[in-house]
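> This is the structure I have questions about; it appears just below.
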Amino acid sequence: MSRLQRLIIEYGNNKNKNTYRDILAEIQNGEVLYSAFSPVTRGHFVDYVEGIPSSFLFSEKQYCEDFCRHIKESGYTVGIAECKKDSRLSMLSDYHRSGIESVLIDNGKAHILIPLSDLINVPDFSKIPEEQRPIINPSFVCSANRFFQCIENKTVTPDKEINFLSDAYNARYIIPIEGKPEGNRVNIPSIGRNDGEKVIPFFTDINEYKKIDPEGKFNPVPAGFAHIENLCSAGEIVVINPFGFNFTVTKETCEAVNKAVKLAPQSDGERAVIYTLEKIPSEITEKLSELFDNDGRIMRAFLKGLRKSSGSQLLVTLDCGDREEDEVRAILEEMKAKSEKFTDKSIAFVSSMSHMGRLASNETVPFFERFVVDVSIPPENFDIGE
């Protein structure tokens with residue numbers, strides 16, 4: 001048993017701060033760790049754990065092999081990346097670039113979920129003017145990696161696709177150019193694909209950019225999605241991160257992206273991400289179902305996850321039938337107040353008639369559904385058997 005595994009077991013028993021610090025030190029400085037890697041995206045395998053995009057790190061190779069074997073049964077391709085001490089900081093920093101916010105250590109054994117901010121100093125660019133900030137798109141890289149992983153195991157949902165495409169629209173990019181710009185014209189080198197097609201590369205960050213220009217032969221220049229649209233309108237094909245998740249963009253793709261932007265949810269004026277929960281919190285849904293059943297005004301209820309920059313919540317969408325908007329609003333507020341009495345989880349309640357509610361309930365099975373008997377049917381028309 002590894003020292004890190006022993007420390008995790010010890011911390012599970014005593015919750016001692018010194019033990020936690022020892023765990024952090026072992027992750028930062030241990031001789032070798034093993035990480036789950038996705039060959040599909042050529043990046044870290046990412047999944048939501050407790051509503052947070054997380055990576056999977058292991059103190060022993062056997063633990064990682066067991067995890068990979070289990071994940072492959074779900075339809076994913078996953079491999080093992082060895083990370084030695086001298087490249088540990090680089091790997092943890094790359095987690096941040098990839099939109100990973102926590103690290104699950106030794107999943108399948110005694111395990112612990114650690115915020116990435118406890119392991120590295122996560123940079124905060126919020127106080128720097130946007131045009132001066134380094135180009136880095138953790139949200140987009142995360143949603144892209146997750147999207148292409150889910151394509152592989154056929155679990156793509158409308159919310160995952162909308163989040164991915166709208167993130168692509170809002171991202172800032174780096175493109176390589178040859179020489180200096182001449183007015184509004186720049187010379188962007190193209191790269192060849194296996195099918196012989198020439199494509200124009202765009203990159204989400206300097207790490208991805210250096211994969212095409214490790215020696216600095218070109219000039220990295222910032223670009224936005226509007227530049228991609230202009231190129232595609234002229235018949236060009238663009239590929240975002242060709243050596244990473246490899247997203248091909250055509251004129252038709254641009255139309256899909258613009259449609260997704262219109263559908264992308266907003267919560268309190270802030271960009272929000274709706275996602276499918278990997279594990280349903282049954283204790284909460286049972287309490288909510290009992291509450292809705294006793295109330296009598298709610299026909300159906302749906303559950304998703306909601307992530308904003310301010311944190312994660314459960315998102316409950318309520319179908320209140322054909323009631324007036326003011327009455328529905330009062331029901332939402334009442335349900336929120338009542339739910340706070342039996343759970344400390346943050347829950348957002350929305351109407352199924354709202355834009356966010358329609359998106360969150362689309363192609364989703366309700367966790368609560370009221371059964372209504374139509375009393376207009378005469379009893380003699382029922383077949384009650386022998």
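Residue numbering restarts at 1 in every chain; chains get A, B, ... in the order shown in the structure tokens, and ligands count up from 1 in that same order.
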So which residues of stretch 77-175 of chain A fall under strand (DSSP E) by DSSP, listed as JSON, numbers by chain?
{"A": [79, 80, 81, 82, 83, 84, 102, 103, 104, 105, 112, 113, 114, 115, 173, 174, 175]}
> Name the residues in contact with stretch 270-285 of chain A at a cut-off of 7 Å, using only C-alpha atoms, excluding same-chain residues fewer than 4 positions from it; report them as a PyMOL selection string.
chain A and resi 159-160+163+265-266+289+304-308+360
> How would you write, as JSON, numbers by chain, the set of residues in stretch 180-353 of chain A that DSSP gives as alpha helix (DSSP H)?
{"A": [206, 207, 208, 209, 225, 226, 227, 228, 229, 230, 231, 232, 233, 251, 252, 253, 254, 255, 256, 257, 258, 259, 260, 261, 262, 263, 282, 283, 284, 285, 286, 287, 288, 289, 290, 291, 292, 293, 294, 295, 325, 326, 327, 328, 329, 330, 331, 332, 333, 334, 335, 336, 337, 338, 339]}
> For A:Ser102, find every residue with an atom within 7 Å (counting only C-alpha atoms), except residues of its own chain fewer than 2 positions away, and show them as an MDAnalysis selection string.
chainID A and resid 52:55 100 104 113:116
> Ranking A:Asp319, A:Glu208, A:Glu327, A:Asp106 by minimum distance to A:Cys68 and counting only C-alpha atoms, which one comes first?
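Of A:Asp319, A:Glu208, A:Glu327, A:Asp106, the one nearest A:Cys68 is A:Asp106, counting only C-alpha atoms.
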> Kindly indicate which residue among A:Lys217, A:Arg6, A:Arg370, A:Lys198 lies nearest to A:Arg300, using only C-alpha atoms for the distances.
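Answer, going by the shortest atom-to-atom distance: A:Arg370.
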> A:Leu332: which residues within 9 Å, counting only C-alpha atoms, same-chain residues fewer than 4 positions away excluded, as number ranges by chain?
A: 318, 327-328, 336-337, 348-351
> In terms of the shortest atom-to-atom distance over only C-alpha atoms, which of A:Ser126, A:Ser339, A:Ser346, A:Thr19 is closest to A:Leu314?
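Using only C-alpha atoms, A:Leu314 sits closest to A:Ser346.
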> With a distance cut-off of 10 Å and only C-alpha atoms, select the neighbouring residues of stretch 143-155 of chain A, excluding the residue or stretch itself and same-chain residues fewer than 3 positions from it, and output the selection as number ranges by chain.
A: 38-48, 53, 72-78, 98-99, 138-140, 158, 160-168, 244-247, 273, 276
> What does the file look like for those residues with N, CA and C atoms, as a CSV table (one decimal), in the first residue's frame?

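Written out: out.csv:
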```csv
chain,number,residue,atom,x,y,z
A,38,SER,N,-7.3,10.4,-21.7
A,38,SER,CA,-8.3,10.1,-22.8
A,38,SER,C,-7.6,10.2,-24.1
A,39,PRO,N,-7.4,9.1,-24.8
A,39,PRO,CA,-6.8,9.1,-26.2
A,39,PRO,C,-7.7,9.9,-27.2
A,40,VAL,N,-9.0,9.9,-26.9
A,40,VAL,CA,-9.9,10.6,-27.8
A,40,VAL,C,-9.7,12.1,-27.9
A,41,THR,N,-9.4,12.7,-26.8
A,41,THR,CA,-9.2,14.1,-26.7
A,41,THR,C,-7.7,14.5,-26.6
A,42,ARG,N,-6.9,13.4,-26.4
A,42,ARG,CA,-5.5,13.6,-26.2
A,42,ARG,C,-5.2,14.6,-25.0
A,43,GLY,N,-6.1,14.4,-24.0
A,43,GLY,CA,-6.0,15.2,-22.8
A,43,GLY,C,-6.4,14.4,-21.6
A,44,HIS,N,-6.5,15.0,-20.4
A,44,HIS,CA,-6.9,14.4,-19.2
A,44,HIS,C,-8.4,13.9,-19.3
A,45,PHE,N,-8.6,12.7,-18.7
A,45,PHE,CA,-10.0,12.2,-18.6
A,45,PHE,C,-10.7,13.0,-17.6
A,46,VAL,N,-11.8,13.6,-17.9
A,46,VAL,CA,-12.5,14.5,-17.0
A,46,VAL,C,-14.0,14.0,-16.8
A,47,ASP,N,-14.4,14.2,-15.6
A,47,ASP,CA,-15.8,13.8,-15.3
A,47,ASP,C,-16.3,14.7,-14.1
A,48,TYR,N,-17.6,14.8,-14.0
A,48,TYR,CA,-18.1,15.6,-12.8
A,48,TYR,C,-18.2,14.8,-11.6
A,53,PRO,N,-16.0,19.6,-12.3
A,53,PRO,CA,-15.2,18.9,-13.2
A,53,PRO,C,-13.8,18.5,-12.6
A,72,LYS,N,-13.8,1.6,-19.0
A,72,LYS,CA,-14.0,1.0,-20.4
A,72,LYS,C,-15.3,0.3,-20.5
A,73,GLU,N,-15.8,-0.3,-19.4
A,73,GLU,CA,-17.1,-1.0,-19.5
A,73,GLU,C,-18.2,0.0,-19.7
A,74,SER,N,-18.0,1.3,-19.5
A,74,SER,CA,-19.0,2.3,-19.8
A,74,SER,C,-18.9,2.9,-21.2
A,75,GLY,N,-17.9,2.3,-22.0
A,75,GLY,CA,-17.9,2.8,-23.4
A,75,GLY,C,-16.8,3.8,-23.7
A,76,TYR,N,-16.0,4.2,-22.7
A,76,TYR,CA,-14.9,5.1,-22.9
A,76,TYR,C,-13.6,4.4,-23.2
A,77,THR,N,-12.8,5.1,-24.0
A,77,THR,CA,-11.4,4.7,-24.2
A,77,THR,C,-10.6,5.5,-23.2
A,78,VAL,N,-9.8,4.9,-22.4
A,78,VAL,CA,-9.0,5.6,-21.4
A,78,VAL,C,-7.7,4.9,-21.2
A,98,SER,N,-7.1,23.0,-18.4
A,98,SER,CA,-8.1,22.1,-18.9
A,98,SER,C,-9.4,22.2,-18.2
A,99,GLY,N,-9.6,23.2,-17.4
A,99,GLY,CA,-10.8,23.5,-16.7
A,99,GLY,C,-11.2,22.5,-15.6
A,138,PRO,N,-10.2,27.6,-20.0
A,138,PRO,CA,-10.5,26.4,-19.2
A,138,PRO,C,-11.9,25.9,-19.4
A,139,SER,N,-12.9,26.8,-19.4
A,139,SER,CA,-14.2,26.3,-19.5
A,139,SER,C,-14.5,25.6,-20.8
A,140,PHE,N,-14.0,26.2,-21.9
A,140,PHE,CA,-14.2,25.6,-23.2
A,140,PHE,C,-13.4,24.3,-23.3
A,158,PRO,N,-28.5,17.2,-25.1
A,158,PRO,CA,-28.6,18.6,-25.6
A,158,PRO,C,-27.9,19.6,-24.8
A,160,LYS,N,-25.2,19.2,-23.0
A,160,LYS,CA,-23.7,19.1,-23.2
A,160,LYS,C,-23.3,19.8,-24.5
A,161,GLU,N,-24.1,19.5,-25.5
A,161,GLU,CA,-23.8,20.1,-26.9
A,161,GLU,C,-23.9,21.6,-26.9
A,162,ILE,N,-25.0,22.1,-26.2
A,162,ILE,CA,-25.1,23.6,-26.2
A,162,ILE,C,-24.0,24.2,-25.4
A,163,ASN,N,-23.6,23.6,-24.2
A,163,ASN,CA,-22.5,24.2,-23.5
A,163,ASN,C,-21.3,24.2,-24.3
A,164,PHE,N,-21.0,23.2,-25.0
A,164,PHE,CA,-19.7,23.0,-25.7
A,164,PHE,C,-19.7,24.1,-26.9
A,165,LEU,N,-20.8,24.2,-27.6
A,165,LEU,CA,-20.8,25.1,-28.8
A,165,LEU,C,-20.8,26.5,-28.4
A,166,SER,N,-21.6,26.9,-27.3
A,166,SER,CA,-21.6,28.3,-26.8
A,166,SER,C,-20.2,28.7,-26.2
A,167,ASP,N,-19.5,27.7,-25.6
A,167,ASP,CA,-18.2,28.0,-25.1
A,167,ASP,C,-17.2,28.3,-26.3
A,168,ALA,N,-17.4,27.5,-27.4
A,168,ALA,CA,-16.6,27.7,-28.6
A,168,ALA,C,-16.8,29.1,-29.1
A,244,GLY,N,-5.2,18.4,-30.0
A,244,GLY,CA,-5.9,18.1,-28.8
A,244,GLY,C,-7.2,17.4,-29.1
A,245,PHE,N,-8.3,18.1,-28.8
A,245,PHE,CA,-9.6,17.5,-29.0
A,245,PHE,C,-10.0,17.6,-30.5
A,246,ASN,N,-9.4,18.4,-31.3
A,246,ASN,CA,-9.5,18.3,-32.8
A,246,ASN,C,-10.9,18.6,-33.2
A,247,PHE,N,-11.4,19.8,-33.0
A,247,PHE,CA,-12.8,20.2,-33.4
A,247,PHE,C,-12.8,20.9,-34.8
A,273,VAL,N,-24.0,26.7,-16.9
A,273,VAL,CA,-23.8,25.5,-17.5
A,273,VAL,C,-24.8,24.5,-16.9
A,276,THR,N,-26.0,17.0,-16.9
A,276,THR,CA,-26.6,15.8,-16.4
A,276,THR,C,-25.9,15.2,-15.3
```
> Choose the residue, out of A:Lys338, A:Lys251, A:Lys109, A:Arg172, that has the smallest atom-to-atom separation from A:Gln62; count only C-alpha atoms.
A:Lys109
> From the set A:Gly196, A:Gly30, A:Pro176, A:Gly321, which residue has the shortest atom-to-atom contact distance to A:Ser59, counting only C-alpha atoms?
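For A:Ser59, the nearest of the candidates is A:Gly30.
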> Skip A:Arg21 itself and residues of its chain fewer than 2 positions away, then list as a count of residues only all residues within 12 Å of it, counting only C-alpha atoms.
18
> Could you please determine the separation between atom CA of A:Phe367 and atom CA of A:Leu303 in Å, to one decimal place?
7.0 Å
